[in-house]
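In what follows, a structure is listed as structure tokens, so that the remarks can point back to it.
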Amino acid sequence: MQLRDLHPKRFFIESWRNIDIEATEYRSSSGNKGGDLLRAIYVFAVVAISLILMDDEYFGGQAAFLGILDFIDDANSPQSSPFLFALVGWLKPDDGSSIYSAIIRSGYFELFSLAYWASWRVIGFLIIPIIAIIAHPKMKLGDSGLSFKGFSKHAWVYGVLFLPVLAMVIVLSFTEEFSTYYPFYSKAHLSIFNFVVWEAFYIAQFLSLEFFFRGFMIQPLRRTMGSPVILAMMIPYVMIHFGKPLPECFAAIIAGIILGTLALRTRSIWAGFLVHVSVALSMDVAAIWQTNW
């Protein structure tokens with residue numbers, strides 16, 4: 001990619017047209033149309049299952065985290081579910097106190113809870129899709145945007161896309177809605193340890209998220225669906241932003257289309273990942289700066 005390729009007409013219209021031409025040529029020459037349809041169904045089924053499992057109402061939220069703590073602390077756990085107890089029962093403190101009370105006393109309950117949340121994002125956005133790719137006879141990890149091949153040629157796009165977003169983040173950081181929402185971990189500003197540990201989990205879930213939406217969800221279907229796969233990906237991507245500040249929800253529409261187009265053009269998730277992580281880190285730092293200095 002060259003700088004002129006970032007012109008909206010070239011970046012969007014021409015990119016989508018070229019992707020559609022590639023998809024049309026593939027479909028006309030391929031004799032396995034049924035297999036392509038089944039692959040699309042397979043991908044979207046995995047996407048749906050992963051999103052359900054990660055939902056805060058099921059396994060990915062604080063209620064599930066508290067449920068696990070209650071299970072570990074239950075004296076009848078070995079009898080009710082010996083296999084699960086064998087997996088997590090070793091966590092119980094030697095003094096007989098509850099796991100919940102031990103975490104509360106440590107002062108890191110919120111961090112443990114958010115680490116659980118981030119871990120489930122890694123499971124749902126990364127581990128489950130990777131298992132699904134390995135299990136599918138016609139899908140390969142190398143075709144899901146993880147390759148670094150050619151990354152150096154378009155790494156500069158990261159800086160070009162990030163700078164205007166950084167300016168917007170700085171402006172939004174002066175709003176109360178923004179500064180009271182970020183960072184998710186309210187004690188991130190208290191120490192370097194708190195900040196680094198939280199951001200490590202935060203970055204891990206962003207890598208997983210980028211792979212899920214811009215890798216697993218669109219790369220295997222680029223020749224099956226063409227450019228509309230970007231819109232198919234953008235809808236659930238926007239929905240996972242529900243509950244965040246309203247401007248961010250609307251911005252997710254634009255971000256989903258831009259990052260989806262970029263991923264299909266480059267056949268890589270890495271530029272998008274760098275943009276996403278840089279924006280997220282700058283949002284946390286800006287919010288901490290506004291509320292604590």
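Here, A, B, ... name the chains of the structure tokens in the order displayed, residue numbers run from 1 inside each chain, and ligands are numbered from 1 in the same displayed order.
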Per DSSP on the backbone, what are the alpha helix (DSSP H) residues of region 34-264 of chain A, as a VMD selection string? chain A and resid 34 to 54 62 to 73 77 to 80 82 to 88 99 to 106 109 to 122 128 to 135 151 to 154 156 to 172 176 to 181 192 to 211 222 to 225 228 to 239 246 to 264
Do you know which residues are at most 8 Å from Gly60 (chain A) counting only C-alpha atoms, after dropping those on the same chain fewer than 4 positions away, and could you put them as a VMD selection string? chain A and resid 53 to 56 64 to 65 116 to 117 120 to 121
Selection file, N, CA and C atoms, as a PDB file, in the first residue's frame:
ATOM      1  N   LEU A  53     -21.152 -17.847  24.850  1.00  0.00           N
ATOM      2  CA  LEU A  53     -20.381 -18.314  26.000  1.00  0.00           C
ATOM      3  C   LEU A  53     -19.713 -17.156  26.738  1.00  0.00           C
ATOM      4  N   MET A  54     -19.262 -16.125  25.987  1.00  0.00           N
ATOM      5  CA  MET A  54     -18.560 -15.001  26.603  1.00  0.00           C
ATOM      6  C   MET A  54     -19.477 -13.972  27.218  1.00  0.00           C
ATOM      7  N   ASP A  55     -20.768 -14.046  26.940  1.00  0.00           N
ATOM      8  CA  ASP A  55     -21.687 -13.023  27.414  1.00  0.00           C
ATOM      9  C   ASP A  55     -21.669 -12.941  28.937  1.00  0.00           C
ATOM     10  N   ASP A  56     -21.810 -11.725  29.453  1.00  0.00           N
ATOM     11  CA  ASP A  56     -21.762 -11.517  30.895  1.00  0.00           C
ATOM     12  C   ASP A  56     -22.872 -12.260  31.630  1.00  0.00           C
ATOM     13  N   ALA A  64     -20.607 -15.218  36.892  1.00  0.00           N
ATOM     14  CA  ALA A  64     -20.005 -16.538  36.711  1.00  0.00           C
ATOM     15  C   ALA A  64     -18.752 -16.679  37.566  1.00  0.00           C
ATOM     16  N   PHE A  65     -17.968 -15.604  37.661  1.00  0.00           N
ATOM     17  CA  PHE A  65     -16.757 -15.611  38.478  1.00  0.00           C
ATOM     18  C   PHE A  65     -17.111 -15.857  39.943  1.00  0.00           C
ATOM     19  N   TYR A 116     -10.562 -12.531  35.034  1.00  0.00           N
ATOM     20  CA  TYR A 116     -11.477 -13.604  34.615  1.00  0.00           C
ATOM     21  C   TYR A 116     -12.201 -13.195  33.337  1.00  0.00           C
ATOM     22  N   TRP A 117     -12.710 -11.957  33.309  1.00  0.00           N
ATOM     23  CA  TRP A 117     -13.405 -11.436  32.124  1.00  0.00           C
ATOM     24  C   TRP A 117     -12.497 -11.478  30.901  1.00  0.00           C
ATOM     25  N   TRP A 120     -11.791 -15.034  29.609  1.00  0.00           N
ATOM     26  CA  TRP A 120     -12.880 -15.602  28.816  1.00  0.00           C
ATOM     27  C   TRP A 120     -12.904 -15.006  27.414  1.00  0.00           C
ATOM     28  N   ARG A 121     -12.472 -13.759  27.267  1.00  0.00           N
ATOM     29  CA  ARG A 121     -12.370 -13.173  25.919  1.00  0.00           C
ATOM     30  C   ARG A 121     -11.294 -13.880  25.120  1.00  0.00           C
TER      31      ARG A 121
END
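The shell of residues at most 10 Å from Phe44 (chain A), with only C-alpha atoms counted and near chain neighbours (fewer than 3 positions) removed, consists of Leu38, Arg39, Ala40, Ile41, Val47, Ala48, Ile49, Ser50, Phe216, Met217, Ala232 and Met233 of chain A.
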So that I can see what lies close to Ile257 (chain A), please list as a ChimeraX atom specification the residues with an atom at most 12 Å from it, counting only C-alpha atoms and leaving out residues fewer than 3 positions away in the same chain. /A:8,11-13,15-16,213-214,218,227-235,237-238,250-254,260-264,272
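Shortest separation to Val157 (chain A) among A:Val197, A:Leu111, A:Thr266, A:Tyr42 occurs at residue A:Thr266, atoms counted being only C-alpha atoms.
Candidate residues A:Ala102, A:Val46, A:Ala63, A:Val196 were compared for distance to Gly124 (chain A), and the nearest is A:Val46, using only C-alpha atoms.
Atom to atom, CA of Phe112 (chain A) and CA of Ala132 (chain A) stand 28.4 Å apart.
Of the residues listed (A:Ala23, A:Leu126, A:Ile288, A:Ala135), A:Ile288 shows the shortest atom-to-atom separation from Ser191 (chain A); distances use only C-alpha atoms.
Nearest to Ser208 (chain A) of all the residues A:Ile192, A:Glu177, A:Asp36, A:Ile128 is A:Ile128, counting only C-alpha atoms.
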Quick one: residues within 7 Å of Arg223 (chain A), only C-alpha atoms, excluding same-chain residues fewer than 3 positions away - as a PyMOL selection string? chain A and resi 22-23+26+226
The selected residues should be written to file as a CSV table (one decimal), in the first residue's frame (atoms: C-alpha atoms).
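Resulting contents of selection05.csv:
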chain,number,residue,atom,x,y,z
A,22,GLU,CA,-11.8,-12.0,-6.6
A,23,ALA,CA,-14.9,-13.7,-5.0
A,26,TYR,CA,-13.4,-17.9,-7.4
A,226,GLY,CA,-16.8,-10.9,-1.0
Rank nothing, just name the residue among A:His154, A:Ser278, A:Glu14, A:Arg27 nearest to Val169 (chain A), using only C-alpha atoms. A:Ser278
For Asn194 (chain A), the nearest of the candidates A:Gly107, A:Gly256, A:Gly150, A:Gly145, counting only C-alpha atoms: A:Gly107
